Structure formats: C-alpha cells, structure tokens
Amino acid sequence: MARKCIDCSQFASFHNCTVTISGSEEEVLDLAVIHAVVSHGHDNPYELRQQLRPLLQDLPDAMSATA
C-alpha cells in the first residue's frame with residue numbers, strides 16, 4: 001500500500017505550522033481535516049476534505065517501508 005503525506009508548512013499560513021502527516025490516504029485525510037479545523041480554524045470539514053485530497057503526495061518507497 002502506497003503511503004501518502006501532507007505537509008502543512010507547504011501552505012501559506014500566519015501560523016507557520018510545521019506539521020506533516022503520513023499514512024494511508026484515508027488516515028491522512030482524516031487527520032489533516034481534524035488538524036485544519038482544530039489548529040487553523042477551518043470550517044466545513046466535508047468541503048475541506050475534498051480540497052485536501054488532490055494535495056496529498058506519495059511518499060518515496062524508502063520512506064514507506066516498514067522495519
């Protein structure tokens with residue numbers, strides 16, 4: 001299973017957030033939406049989820065390998 005990630009520091013914000021989330025696509029989306037709502041005050045989680053989905057990045061194979 002390919003792991004996905006999203007890096008909050010890549011998006012313009014006055015919070016200067018450094019959070020990076022990685023995992024399965026659904027895990028990353030769930031946590032990214034929670035983070036955006038709680039930490040950044042976003043609303044409308046369903047719409048936010050749809051906006052975040054295309055911004056997910058694939059992790060390189062070396063990063064997604066488990067020990």
# chains A, B, ... in the order shown; residues from 1 in each chain; ligands from 1
>>> residues_around(residues="Cys5 in chain A", least_positions_apart="3", cutoff="12 Å", atoms="only C-alpha atoms", output="PyMOL selection string")
chain A and resi 2+8+10+19-32+52-60+63-64
>>> select_by_dssp(residues="chain A", states="alpha helix (DSSP H)", output="ChimeraX atom specification")
/A:25-40,45-52,61-64
>>> write_last_selection(atoms="C-alpha atoms", output="JSON list (two decimals), in the first residue's frame")
[["chain", "number", "residue", "atom", "x", "y", "z"],
["A", 25, "GLU", "CA", -4.83, 8.15, 2.09],
["A", 26, "GLU", "CA", -7.88, 7.97, 4.34],
["A", 27, "GLU", "CA", -5.82, 8.27, 7.54],
["A", 28, "VAL", "CA", -4.02, 11.34, 6.22],
["A", 29, "LEU", "CA", -7.26, 12.97, 5.11],
["A", 30, "ASP", "CA", -8.96, 12.27, 8.45],
["A", 31, "LEU", "CA", -6.08, 13.72, 10.46],
["A", 32, "ALA", "CA", -5.44, 16.63, 8.09],
["A", 33, "VAL", "CA", -9.06, 17.75, 8.34],
["A", 34, "ILE", "CA", -9.02, 17.47, 12.14],
["A", 35, "HIS", "CA", -5.75, 19.42, 12.26],
["A", 36, "ALA", "CA", -7.04, 22.15, 9.92],
["A", 37, "VAL", "CA", -10.26, 22.60, 11.91],
["A", 38, "VAL", "CA", -8.72, 22.49, 15.39],
["A", 39, "SER", "CA", -5.42, 24.26, 14.76],
["A", 40, "HIS", "CA", -6.28, 26.64, 11.94],
["A", 45, "PRO", "CA", -14.87, 19.54, 7.04],
["A", 46, "TYR", "CA", -16.52, 17.77, 4.07],
["A", 47, "GLU", "CA", -15.55, 20.53, 1.63],
["A", 48, "LEU", "CA", -12.08, 20.79, 3.17],
["A", 49, "ARG", "CA", -11.58, 17.05, 2.75],
["A", 50, "GLN", "CA", -12.37, 17.34, -0.97],
["A", 51, "GLN", "CA", -9.93, 20.25, -1.31],
["A", 52, "LEU", "CA", -7.13, 18.40, 0.51],
["A", 61, "ASP", "CA", 9.31, 3.89, -1.30],
["A", 62, "ALA", "CA", 12.18, 4.17, 1.19],
["A", 63, "MET", "CA", 10.02, 6.33, 3.47],
["A", 64, "SER", "CA", 7.05, 3.98, 3.29]]
>>> select_by_dssp(residues="chain A", states="strand (DSSP E or B)", output="count of residues only")
10
